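**Student:** Questions regarding the structure given below will be posed in turn.
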Amino acid sequence: MLWGREKEQAAIDALIAQARGGRSGSLILRGEPGIGKSALLDHAARSSEGMRPLRGTGIETEAELPFAALHLLLRPALDRIGRLPAPQARALEGAFGLAAAPEDRFLIGLAALSLLTELAEDGPLLCLIDDAQWMDRSSAEALLFAARRLHSEGIALLFAARDAFHAPGVPELRLEGLDRQAAGDLLREHAPGLGPAVREKILAESGGNPLALIELPRVSDSPHHVQGPLPRRIQEAYEARIAVLPPDSQTMLLVAALDDAEDLDVAVRAAGKLKVDAAALGPAERAGFLSAAGGRLSFGHPLMRTAAARRATYDERLAVHRALAAVLDDEQDADRRAWHLAAAATGRDEPIAAALEQAAGRARERAGHAAAAAALERAARLTPGLAERARRLALAAESSADAGALEHAQVLADQARRLGDDPLTLVRLAGLRGRIAFDRGAVQDAHRILLDGAASIADLDRRGAALLLLDAVRNAWYFSDPAAVAESSARLAGLPLTPEDGLDGFVRAARAMADFLAGDLDRALPPFRELIAAAAAIPAGMTALRISICSLAGISGDFDNGLAIAHSAIEECRADGMIGLLPLAQAVLAIHQMYLGRFRDAVTTATEGRRLATDIGQTHRIAHFESVMAMVMAVQGREQDCRELAERTIAHVTAHPVATIVGWAEWALGLLDLGQGRFEAALGRFEAAARGALRHQIMPIYFAPDQIEAAVRLGRPTRAAQPLAHFESWATAARHPWADAVLHRCHALLAHDDEAERHWEQAVQAHADANRPYERARTDLLYGEWLRRARRKTESRARLRAALETFERVGARPWAERARAELRAAGETVAQGSPDLLASLSPQELQVVRLAATGATNREIAAQLFISPKTVSHHLYRAFPKLGVTTRTELARLGVG
């Protein structure tokens, strides 16, 4: 019986009932050792009649072995891997050492979710993971990714963990000590003969910890009884019980404690090396420390394992590690063997260090970057030579950064720099240190690190130096420093690169970025156009390069080609399972959709991207998505949403100074004011942004037409002169019909009579060749207002009706209201537009519906969107009534694609 855990049991029962009903959920039971987490997992297992149970556990000594915990949990389902989409199947096979691993470690989490979903097809599924704080990092990352994306699969996922387990985004329930009544009941159950004084002492000392209430009575009058933190005292209680076991049983317990695989055969053979017979298991098992079943040895409680290892002497632990290494197979168990040899080492040892480096290589091949980092760091400590030690520390730092542990990566990189002066190690460190500095917001430091690193190897590795300088250009562009971009691009141009290096186009683009920030647009834009034109010929597998070129399309105003490039990059990311790269591609796509006036698409893309970035910890990318969403909210007049999103973006960028992201947030707030008729506020914000960190970026060019309109509406045309000159110089160099149209609109706002009409007509003509309906509607609205003021009401109504139709279609409510008011002033009665059915759908429902309209199956849609087929079915079930349809065929007729 579980005393005093009614609330926790009810929460678990609700989660299980929810899974039985087809809805998924996850929960972390968090608390100190002995607080009852494992007992509650047992309660969940007992309460799960009719569900398929999977049970796993984190093992402290397996923390360095990649995907060990995930393999333990999913082992019963490995026969179903073949049913997964091919990239996901390869990912799991690679994680478990059955095939080459994927480059993208996040794909393994998606594959784990898909495999759990496959099992849930047979009925509801219960997954229980104990001691989650001791899972290897790769397993934890994969399972948490799956937990955050559960929806309608019929899966209940329960973790039991101590405070060290970091799991943002997953609900948790903290376990506190039992109240006095429940503690007393538990104590009476397990120690009924205690005297009142001892009973009161134990109740007070236990703090309601159930394990303490069970174990402390056994040593309450023992000479081993000590004071101190409760987990330590429970552990001391276990040590006291171990001390009375036969010596051979104590040795067997130590072997079991240090055997990270809990393998009965391995433990018995290792004990044999120490002259201990398998019969020594008997007393330990009867005392409740161990159980042997199914070829595995398991401890009754993790603190028992800790007690068995801690009470042993140093030489005893060394002997057991040597014995375990001796019985492990050189090939099948090479990684475990290397770690046991390392644990048995008493000084520098190159052969053991080399074995650990090989283990790290295998871990990296399986996308186990955290495990690789741990193996390389230990290998470095065992390495005799300083240069080789520095090289291994540098590799450990890289793996640590790849695992997302930037702080520790910085520590390792600094240690490596102090030890060695090998140029190739130093360039590796320069690239890594620049990356860490940039990700931590120290962008100027990152720039200097990259420049210095390139200078140190320019004579040894010109291509490596060029790649560092390209990173330096990119970093300097992000913090909008023309001098830094110019310096980096000049150094890049000075390298003796050859066509074989394959960097000619990027060298020209870097020079063009310097020209752009210097204001020389005629020189800046042609190289961008060359790379954009060449994007279609870029071979598969170079997705990151395609995304970079797409960003150049955004700077040069070529949104149509940018949209196509972004779509192709996303298709490749989805097809190949490149989850880590996908948010960047989605950010670029959302930006182009927003520029093209496809606001609903932009929000849909940004919503999916934000969720994925949250799931995989790309917090910097979240600000990217929220700034785009803020722009759309401004267009739609959703003031509170716009301000919340923009202010969050600005707060993020204050800590991580990247001018390109804050630009959309500032623009959004200015556009919000413009749409609401707060022209003074809008103009002030645009002018402040154009003078600040954004002054060298593309945003002041793109929001110049809004700035000009605000100045004209305030009757301050002189304040429009500078933004007009800025936009005109860019539009002339860019040579896009939409830019010509908007430029004519700006001139028309500032001109008089015949000259103004000439510009209005030229704007209308240029819009006909452009693909920006929202900008065309803005022109129609302003032209219609001009015509009405000129008493040409009939002509004005045609323009205003066209503007209203577009504004209603794209959801631009403030602009639609203005067009409606102008139409009434022009003498036309205006009815409210028909409801937009698609606007009733959530962003993910819209994605699912659009894919379903193409004829894609639920499984195909799930593979594209990284969700489960049951979740697809759930979204369709909710979307069909909103759209008034009952079949997929009707979706196609609605034109939802």
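Scheme for the structure tokens: letters A, B, ... for chains in order shown; per-chain residue numbers from 1; ligand numbers from 1 in order shown.
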Set the distance at 12 Å and use only C-alpha atoms: which residues neighbour Phe438 (chain A) once local chain neighbours fewer than 4 positions away are removed? I'd like the list as an MDAnalysis selection string.

**Tutor:** chainID A and resid 406 431:434 442:450 471:472 474:476 478:479 620 655:658

**Student:** Deliver the residues from the most recent selection as a file, using C-alpha atoms, as a PDB file, in the first residue's frame.

**Tutor:**
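What landed in part.pdb:
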ATOM      1  CA  LEU A 406      28.352  25.277 -24.520  1.00  0.00           C
ATOM      2  CA  GLY A 431      36.058  27.988 -35.160  1.00  0.00           C
ATOM      3  CA  LEU A 432      34.606  26.415 -32.035  1.00  0.00           C
ATOM      4  CA  ARG A 433      35.334  29.357 -29.758  1.00  0.00           C
ATOM      5  CA  GLY A 434      33.828  31.735 -32.310  1.00  0.00           C
ATOM      6  CA  ALA A 442      29.371  37.903 -27.447  1.00  0.00           C
ATOM      7  CA  VAL A 443      29.312  38.549 -31.184  1.00  0.00           C
ATOM      8  CA  GLN A 444      32.206  41.031 -31.260  1.00  0.00           C
ATOM      9  CA  ASP A 445      34.382  38.543 -29.376  1.00  0.00           C
ATOM     10  CA  ALA A 446      33.364  35.845 -31.830  1.00  0.00           C
ATOM     11  CA  HIS A 447      34.430  38.041 -34.719  1.00  0.00           C
ATOM     12  CA  ARG A 448      37.891  38.716 -33.299  1.00  0.00           C
ATOM     13  CA  ILE A 449      38.433  35.035 -32.451  1.00  0.00           C
ATOM     14  CA  LEU A 450      37.633  34.057 -36.043  1.00  0.00           C
ATOM     15  CA  ASP A 471      32.040  32.989 -40.582  1.00  0.00           C
ATOM     16  CA  ALA A 472      33.581  36.285 -39.480  1.00  0.00           C
ATOM     17  CA  ARG A 474      28.494  36.475 -41.312  1.00  0.00           C
ATOM     18  CA  ASN A 475      28.932  37.332 -37.630  1.00  0.00           C
ATOM     19  CA  ALA A 476      29.831  40.953 -38.372  1.00  0.00           C
ATOM     20  CA  TYR A 478      24.550  40.036 -37.841  1.00  0.00           C
ATOM     21  CA  PHE A 479      25.772  42.708 -35.441  1.00  0.00           C
ATOM     22  CA  HIS A 620      17.777  31.922 -30.555  1.00  0.00           C
ATOM     23  CA  ALA A 655      20.896  39.772 -24.510  1.00  0.00           C
ATOM     24  CA  HIS A 656      22.020  38.446 -27.924  1.00  0.00           C
ATOM     25  CA  PRO A 657      22.708  41.486 -30.134  1.00  0.00           C
ATOM     26  CA  VAL A 658      21.663  40.349 -33.590  1.00  0.00           C
TER      27      VAL A 658
END

**Student:** Find the residues of region 674-744 of chain A that sit at most 10 Å from region 623-645 of chain A; for each, write down the nearest two atoms and how far apart they are in Å, to one decimal. Count only C-alpha atoms. Sort by chain, then by number going up, and give it as a Markdown table.

**Tutor:**
| residue | atom | partner | partner_atom | distance |
| --- | --- | --- | --- | --- |
| A:Leu674 | CA | A:Ala634 | CA | 9.2 |
| A:Gly675 | CA | A:Gly637 | CA | 7.0 |
| A:Gln676 | CA | A:Gly637 | CA | 7.4 |

**Student:** So that I can check the surroundings of region 82-89 of chain A, please list as a PyMOL selection string every protein, DNA and RNA residue that reaches within 9 Å of it, counting only C-alpha atoms and ignoring chain neighbours fewer than 5 positions away.

**Tutor:** chain A and resi 94+102+107-108+110-112+114-115+118+575-577+859-860+863

**Student:** For Met135 (chain A), list every protein, DNA or RNA residue within 9 Å, evaluated using only C-alpha atoms, and leave out those in the same chain fewer than 3 positions away; present the list as a list in words.

**Tutor:**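 Non-adjacent residues within range: Thr57, Gly58, Ile59, Glu60, Glu62, Ala63, Phe67, Ala68, Ala69, Leu70, Asp131, Ala132, Ser138, Ser139, Ala140 and Phe165 of chain A.
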
**Student:** Here is a test: counting only C-alpha atoms, which residue of A:Ala455, A:Ala353, A:Ala790, A:Cys550 is nearest to Asp753 (chain A)?

**Tutor:**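 Among the listed residues, A:Ala790 lies closest to Asp753 (chain A).
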
**Student:** Write out as a count of residues only each polymer residue whose atoms come within 12 Å of Arg695 (chain A), counting only C-alpha atoms; drop sequence neighbours fewer than 4 positions from it.

**Tutor:** 25

**Student:** Which of region 465-640 of chain A counts as alpha helix (DSSP H) under DSSP, as number ranges by chain please?

**Tutor:** A: 465-478, 482-493, 504-517, 521-534, 543-556, 559-576, 582-595, 599-615, 619-636, 639-640

**Student:** In Å, with one decimal, what is the gap from CA of Ala387 (chain A) to CA of Gly420 (chain A)?

**Tutor:**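 That distance, rounded to one decimal, is 5.1 Å.
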
**Student:** With region 204-220 of chain A as the partner and 8 Å as the cut-off, tabulate the residues of region 3-41 of chain A that qualify, each row holding the nearest pair of atoms and their distance in Å to one decimal, using only C-alpha atoms, sorted by chain and rising number, as a tab-separated table.

**Tutor:**
residue	atom	partner	partner_atom	distance
A:Gly34	CA	A:Leu211	CA	4.6
A:Ile35	CA	A:Asn209	CA	5.0
A:Gly36	CA	A:Pro210	CA	6.3

**Student:** Just write the chosen residues, C-alpha atoms, as a PDB file, in the first residue's frame.

**Tutor:**
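Below you can see result_4.pdb, which holds the result:
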ATOM      1  CA  GLY A  34      13.747   7.605  -1.370  1.00  0.00           C
ATOM      2  CA  ILE A  35      10.744   9.915  -1.641  1.00  0.00           C
ATOM      3  CA  GLY A  36       8.659   7.254  -3.394  1.00  0.00           C
TER       4      GLY A  36
END

**Student:** Tell me which protein, DNA and RNA residues are within 7 Å of Leu126 (chain A), counting only C-alpha atoms, leaving out same-chain ones fewer than 4 positions away, and put them as a tab-separated table (two decimals) with N, CA, C and O atoms, in the first residue's frame.

**Tutor:**
chain	number	residue	atom	x	y	z
A	51	MET	N	-3.06	-2.03	-21.08
A	51	MET	CA	-2.05	-1.23	-21.77
A	51	MET	C	-0.76	-2.06	-21.91
A	51	MET	O	-0.46	-2.90	-21.07
A	52	ARG	N	-0.02	-1.77	-22.94
A	52	ARG	CA	1.28	-2.43	-23.08
A	52	ARG	C	2.32	-1.63	-22.31
A	52	ARG	O	2.48	-0.42	-22.54
A	53	PRO	N	3.03	-2.27	-21.37
A	53	PRO	CA	4.04	-1.53	-20.60
A	53	PRO	C	5.43	-1.64	-21.22
A	53	PRO	O	5.83	-2.70	-21.71
A	54	LEU	N	6.16	-0.53	-21.22
A	54	LEU	CA	7.59	-0.53	-21.52
A	54	LEU	C	8.28	0.11	-20.32
A	54	LEU	O	7.83	1.15	-19.83
A	155	ILE	N	-0.52	7.29	-25.64
A	155	ILE	CA	0.73	6.94	-24.94
A	155	ILE	C	0.82	7.75	-23.66
A	155	ILE	O	0.61	8.96	-23.66
A	156	ALA	N	1.12	7.06	-22.56
A	156	ALA	CA	1.42	7.73	-21.29
A	156	ALA	C	2.90	7.52	-21.01
A	156	ALA	O	3.39	6.38	-21.00
A	157	LEU	N	3.62	8.62	-20.79
A	157	LEU	CA	5.07	8.57	-20.59
A	157	LEU	C	5.38	9.17	-19.23
A	157	LEU	O	5.13	10.35	-18.99

**Student:** Just give me the gap between CA of Ala284 (chain A) and CA of Arg232 (chain A) in Å, one decimal is fine.

**Tutor:**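 Taking CA of Ala284 (chain A) and CA of Arg232 (chain A), their separation equals 21.0 Å.
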
**Student:** Within 8 Å of region 840-854 of chain A, which residues of region 598-646 of chain A come that close, and what is the closest atom pair and distance in Å for each? Count only C-alpha atoms and give it as a tab-separated table.

**Tutor:**
residue	atom	partner	partner_atom	distance
A:Val603	CA	A:Pro843	CA	7.0
A:Thr604	CA	A:Pro843	CA	4.5
A:Thr605	CA	A:Pro843	CA	7.9
A:Thr607	CA	A:Pro843	CA	6.7
A:Glu608	CA	A:Gln844	CA	7.1

**Student:** Write the residues you've just listed into a file as a CSV table (one decimal), in the first residue's frame, and include C-alpha atoms for each of them.

**Tutor:**
chain,number,residue,atom,x,y,z
A,603,VAL,CA,2.2,32.2,-39.3
A,604,THR,CA,1.7,28.5,-40.1
A,605,THR,CA,5.4,28.1,-40.9
A,607,THR,CA,4.3,28.3,-35.5
A,608,GLU,CA,5.6,24.9,-36.6

**Student:** Which one of A:Ala91, A:Ile650, A:Leu865, A:Leu694 sits closest to Leu582 (chain A) if you count only C-alpha atoms?

**Tutor:**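 Smallest separation from Leu582 (chain A) among the options: A:Leu865.
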
**Student:** Give me the residues within 9 Å of region 252-262 of chain A as a ChimeraX atom specification, counting only C-alpha atoms and dropping any in the same chain fewer than 5 places off.

**Tutor:** /A:59-63,68,242,247,267-268,270-271,276-278,280-281,284,289-290,295-299,304-309,312,316-317,320-321,323-324,336,340

**Student:** Hey, can you check how far CA of Ile622 (chain A) sits from CA of Arg648 (chain A)?

**Tutor:**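 Rounded to one decimal, the two atoms are 9.9 Å apart.
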
**Student:** How would you write, as a list of chain:residue names, the set of residues in region 278-341 of chain A that DSSP gives as strand (DSSP E)?

**Tutor:**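 Selection result, strand (DSSP E) within region 278-341 of chain A: A:Leu290, A:Ser291, A:Ala292, A:Ala293, A:Arg296, A:Leu297, A:Ser298, A:Phe299.
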
**Student:** Please produce a file of the residues just selected, as a PDB file, in the first residue's frame, where the atoms kept are C-alpha atoms.

**Tutor:**
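Contents of part_4.pdb, as written:
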ATOM      1  CA  LEU A 290      19.934  -7.746  -5.628  1.00  0.00           C
ATOM      2  CA  SER A 291      17.551  -9.662  -7.821  1.00  0.00           C
ATOM      3  CA  ALA A 292      18.594 -11.902 -10.681  1.00  0.00           C
ATOM      4  CA  ALA A 293      16.069 -12.449 -13.457  1.00  0.00           C
ATOM      5  CA  ARG A 296      20.129  -9.356 -15.523  1.00  0.00           C
ATOM      6  CA  LEU A 297      21.175  -8.235 -12.074  1.00  0.00           C
ATOM      7  CA  SER A 298      19.287  -5.288 -10.620  1.00  0.00           C
ATOM      8  CA  PHE A 299      19.504  -3.472  -7.305  1.00  0.00           C
TER       9      PHE A 299
END
